[in-house]
Amino acid sequence: MFYTVWVNEIWIISTKIHLNLKTLGLSFKKRNQNGIFAVLLSFKPLIKLHDKYFKPFLSEEQILNAVKAVADKIAADYKDETPVFVGVLNGAFMFVADFLKAYPHPCEVSFVKLSSYRGLTSTGIVETLLDPSDNLQGKSVIILEDIIDSGRTLKELVHLFNNTNVKEFKIASLFYKSEVYNGEYTIDYVGINIPDKFIVGYGLDYNELGRNLREVYQLNQKHMINLVLFGKPGAGKGTQAEFLRDKYNLKHISTGDVFRYNIKNDTELGTLAKSYMDKGDLVPDEVTIKMLEDEVEKNPDASGFIFDGFPRTTAQAKALDKFLVSKNMKIDATIALDADDEVLIQRLLERGKVSGRTDDQDESKIRNRFEEYNEKTAPLQAYYETQGKFHNVNGIGAIEDITHRLGKVIEEL
C-alpha cells in the first residue's frame, strides 16, 4: 500500500505511514480505500531556544479547548458565589488570561509568584517572589497553575494559603504530569494529562524563552543508536563503519584507534595500558572501558556510537552495558558481517600485496585469526542473542549493497 502526503506543496510518496504526522504538526484524512491521504495544513518545524530544539506537541486549538473545559467545570461548581482565581506567575499568565475569557460568572483575580526551575530541571528549592493578596479571608480560592509535575511548587502554595483563613481553596492545572506527581494533594481540575517531558510555550519557558508561543512544544530528544560491529578480518567492518557513521551521525569508536591515540599522546590511560603491554600482559578491561568512556564523553552531540573491536568477551559486554546504563543509553544491536572464509582469505591476500602487512600475506596466519575470532565471538553471540540484539548480515557483495543490508537492520530498530 502506498501513501501520499502533501507537505509544503510537495507530494511525499511512501509505503509507510508510521512517520508521526502529529509530531510534524500535520493532520490528515483518509481519501479512499487505497490508502491515499490528502494533507494540506501548515508544516510546523522544530524550533530552537538557546541550545535546545523543540518539536510541536499541542496545538493552540487543543490548548484552548482544554482551558474551556476547565472553566466550564469550575463554573458549574461556583455559579452561586464569587470565587477568587489566583494565577501562579510567571508560567500561568496565558492560562489565566484565556481562562477568564471563558469563565461566564463574576469572579476576582489575584496572583502569586513562585519559582523552582532553572533551565530544563527543577532546582528543588521553591522561592516565593510575590505573596497572595491580604483580602482573601472567607472566600473560595481556586489556584490556577500552568503545570504540575513533582508537586514542590504546589506544596509551597498550600502552605501559603493555609495561613490566609480562606473559606476553601482548590487547585486547577492546565497541564498535569500524573506519572511524576507525588500525590500529596488532590488536583481538583485538570486540563490535559501529559507525559513527563519538558515543554515550552503558552507561558512556559526554557531559560525565559518560549513563553509567547501560542502552541506547546516538547523537548526534541534524539533517539540514539548504539551498535556493536563484528566481523572477521577482511569482512569490511572499517569501510561499513564509515558509511554508517556518515549516514546516521554516529561516532565510530575503534578500540585499536583509541589505544594508538592514547599511547601515542602519552595520556594517563595510554601510559597505563602500555605498562601492561610491555610486560606481555593483557590490558585489564577496566582500562579499556575507561578509554571508551572518555570517547563517549568527548562526543555529546553524536546520535549514537559504533563500537568496533570491543567487546571481545562476555565480561567486557557486561561492563559496556553497565557503563551505558549509567549514561541512560544501551546497545541497540550487534551486527556481524558474515562472509565465507575462502572469499575473505583471497581478499586479505590481495590486501597484503598492497598494505605490506605480514599477517595478511600468510594463509595459515589468516586461518588462525579466523579461528580466534570464532572462539571469541561465539559466547558474545549467545549473550546478545538472549537480549534479541544479535543480527547476521551478508558481508559479500558490492559495498553499497552491504551498506543497504546494514541500513535495513538499523531502520527496524
# chains A, B, ... in the order shown; residues from 1 in each chain; ligands from 1

$ residues_around --residues "Ile225 of chain A" --least-positions-apart "4" --cutoff "12 Å" --atoms "only C-alpha atoms" --output "PyMOL selection string"
chain A and resi 244-245+247-252+302-307+324+329-334+407+409-413

$ select_by_dssp --residues "segment 127-273 of chain A" --states "alpha helix (DSSP H)" --output "PyMOL selection string"
chain A and resi 152-162+237-248+255-264+268-273

$ residues_around --residues "segment 160-173 of chain A" --least-positions-apart "6" --cutoff "7 Å" --atoms "only C-alpha atoms" --output "PyMOL selection string"
chain A and resi 136-148+187-191

$ closest_residue --among "A:Gly256, A:Gly183, A:Gly280, A:Gly356" --to "Asp308 of chain A" --atoms "only C-alpha atoms"
A:Gly256

$ closest_residue --among "A:Gln381, A:Val393, A:Phe370, A:Leu49" --to "Gly210 of chain A" --atoms "only C-alpha atoms"
A:Leu49

$ closest_residue --among "A:Ala92, A:Leu58, A:Cys107, A:Ala336" --to "Tyr78 of chain A" --atoms "only C-alpha atoms"
A:Cys107

$ residues_around --residues "Ile335 of chain A" --least-positions-apart "6" --cutoff "12 Å" --atoms "only C-alpha atoms" --output "compact mmCIF listing (two decimals) with C-alpha atoms, in the first residue's frame"
# COMPACT_ATOMS: atom_id res chain seq x y z
CA ASN A 226 24.40 2.33 19.60
CA LEU A 227 25.86 -0.57 17.66
CA VAL A 228 28.48 -3.23 18.18
CA LEU A 229 30.03 -4.23 14.85
CA PHE A 230 31.54 -7.71 14.47
CA GLY A 231 33.33 -9.20 11.52
CA LYS A 232 36.25 -11.42 10.65
CA LYS A 237 34.00 -3.52 9.15
CA GLN A 240 31.00 -0.06 6.56
CA ALA A 241 31.54 1.77 9.85
CA ILE A 306 29.60 2.22 16.68
CA PHE A 307 31.79 0.07 18.92
CA ASP A 308 34.34 -1.73 16.76
CA THR A 377 32.54 -14.35 19.08
CA LEU A 380 29.27 -12.97 22.67
CA GLN A 381 26.74 -14.03 20.05
CA TYR A 384 23.42 -10.73 22.67
CA GLU A 385 21.03 -13.31 21.19
CA GLY A 388 17.33 -10.21 20.98
CA LYS A 389 20.05 -7.90 19.71
CA PHE A 390 22.24 -10.11 17.50
CA HIS A 391 21.95 -9.75 13.71
CA ASN A 392 23.86 -11.55 10.95
CA VAL A 393 24.31 -9.58 7.74
CA ASN A 394 25.70 -10.96 4.49
CA GLY A 395 29.07 -9.24 4.07
CA ILE A 402 26.21 -4.40 2.12
CA THR A 403 25.55 -0.88 3.41
CA ARG A 405 21.60 -4.52 4.28
CA LEU A 406 23.06 -2.91 7.39
CA GLY A 407 20.74 0.05 6.96
CA LYS A 408 17.70 -2.23 6.90
CA VAL A 409 18.69 -3.64 10.31
CA ILE A 410 19.17 -0.15 11.75

$ closest_residue --among "A:Gly203, A:Gly309, A:Pro45, A:Gly397" --to "Ala339 of chain A" --atoms "only C-alpha atoms"
A:Gly397

$ residues_around --residues "Phe259 of chain A" --least-positions-apart "3" --cutoff "12 Å" --atoms "only C-alpha atoms" --output "PyMOL selection string"
chain A and resi 253-256+262-274+277+283+287-292+294-295+309-310

$ write_last_selection --atoms "C-alpha atoms" --output "PDB file, in the first residue's frame"
ATOM      1  CA  ILE A 253      34.949   4.060  18.152  1.00  0.00           C
ATOM      2  CA  SER A 254      37.616   1.594  17.068  1.00  0.00           C
ATOM      3  CA  THR A 255      39.394   0.065  20.047  1.00  0.00           C
ATOM      4  CA  GLY A 256      42.630  -0.154  18.071  1.00  0.00           C
ATOM      5  CA  ASN A 262      46.232   7.199  23.986  1.00  0.00           C
ATOM      6  CA  ILE A 263      49.637   5.563  23.744  1.00  0.00           C
ATOM      7  CA  LYS A 264      50.950   8.000  21.118  1.00  0.00           C
ATOM      8  CA  ASN A 265      49.810  11.012  23.153  1.00  0.00           C
ATOM      9  CA  ASP A 266      51.106   9.625  26.455  1.00  0.00           C
ATOM     10  CA  THR A 267      47.767  10.036  28.182  1.00  0.00           C
ATOM     11  CA  GLU A 268      47.426   8.625  31.672  1.00  0.00           C
ATOM     12  CA  LEU A 269      45.390   5.717  30.336  1.00  0.00           C
ATOM     13  CA  GLY A 270      47.777   5.225  27.420  1.00  0.00           C
ATOM     14  CA  THR A 271      50.754   5.024  29.774  1.00  0.00           C
ATOM     15  CA  LEU A 272      48.886   2.581  31.978  1.00  0.00           C
ATOM     16  CA  ALA A 273      47.905   0.384  29.022  1.00  0.00           C
ATOM     17  CA  LYS A 274      51.455   0.427  27.658  1.00  0.00           C
ATOM     18  CA  MET A 277      51.556  -4.405  27.020  1.00  0.00           C
ATOM     19  CA  VAL A 283      45.258  -4.722  29.266  1.00  0.00           C
ATOM     20  CA  VAL A 287      41.343   0.393  31.454  1.00  0.00           C
ATOM     21  CA  THR A 288      39.788  -0.255  28.049  1.00  0.00           C
ATOM     22  CA  ILE A 289      36.330   0.675  29.308  1.00  0.00           C
ATOM     23  CA  LYS A 290      37.687   3.939  30.736  1.00  0.00           C
ATOM     24  CA  MET A 291      39.171   4.795  27.337  1.00  0.00           C
ATOM     25  CA  LEU A 292      35.795   4.134  25.713  1.00  0.00           C
ATOM     26  CA  ASP A 294      36.323   9.131  27.528  1.00  0.00           C
ATOM     27  CA  GLU A 295      35.474   8.776  23.821  1.00  0.00           C
ATOM     28  CA  GLY A 309      36.736  -4.229  18.340  1.00  0.00           C
ATOM     29  CA  PHE A 310      35.044  -4.138  21.716  1.00  0.00           C
TER      30      PHE A 310
END

$ closest_residue --among "A:Val86, A:Ile399, A:Val343, A:Val296" --to "Phe323 of chain A" --atoms "only C-alpha atoms"
A:Val296

$ closest_residue --among "A:Pro284, A:Gly91, A:Pro104, A:Gly201" --to "Lys79 of chain A" --atoms "only C-alpha atoms"
A:Pro104

$ atom_distance --atom1 "atom CA of Gln361 of chain A" --atom2 "atom CA of Asn374 of chain A"
20.5 Å

$ residues_around --residues "Pro233 of chain A" --least-positions-apart "6" --cutoff "8 Å" --atoms "only C-alpha atoms" --output "PyMOL selection string"
chain A and resi 344+348+369-370
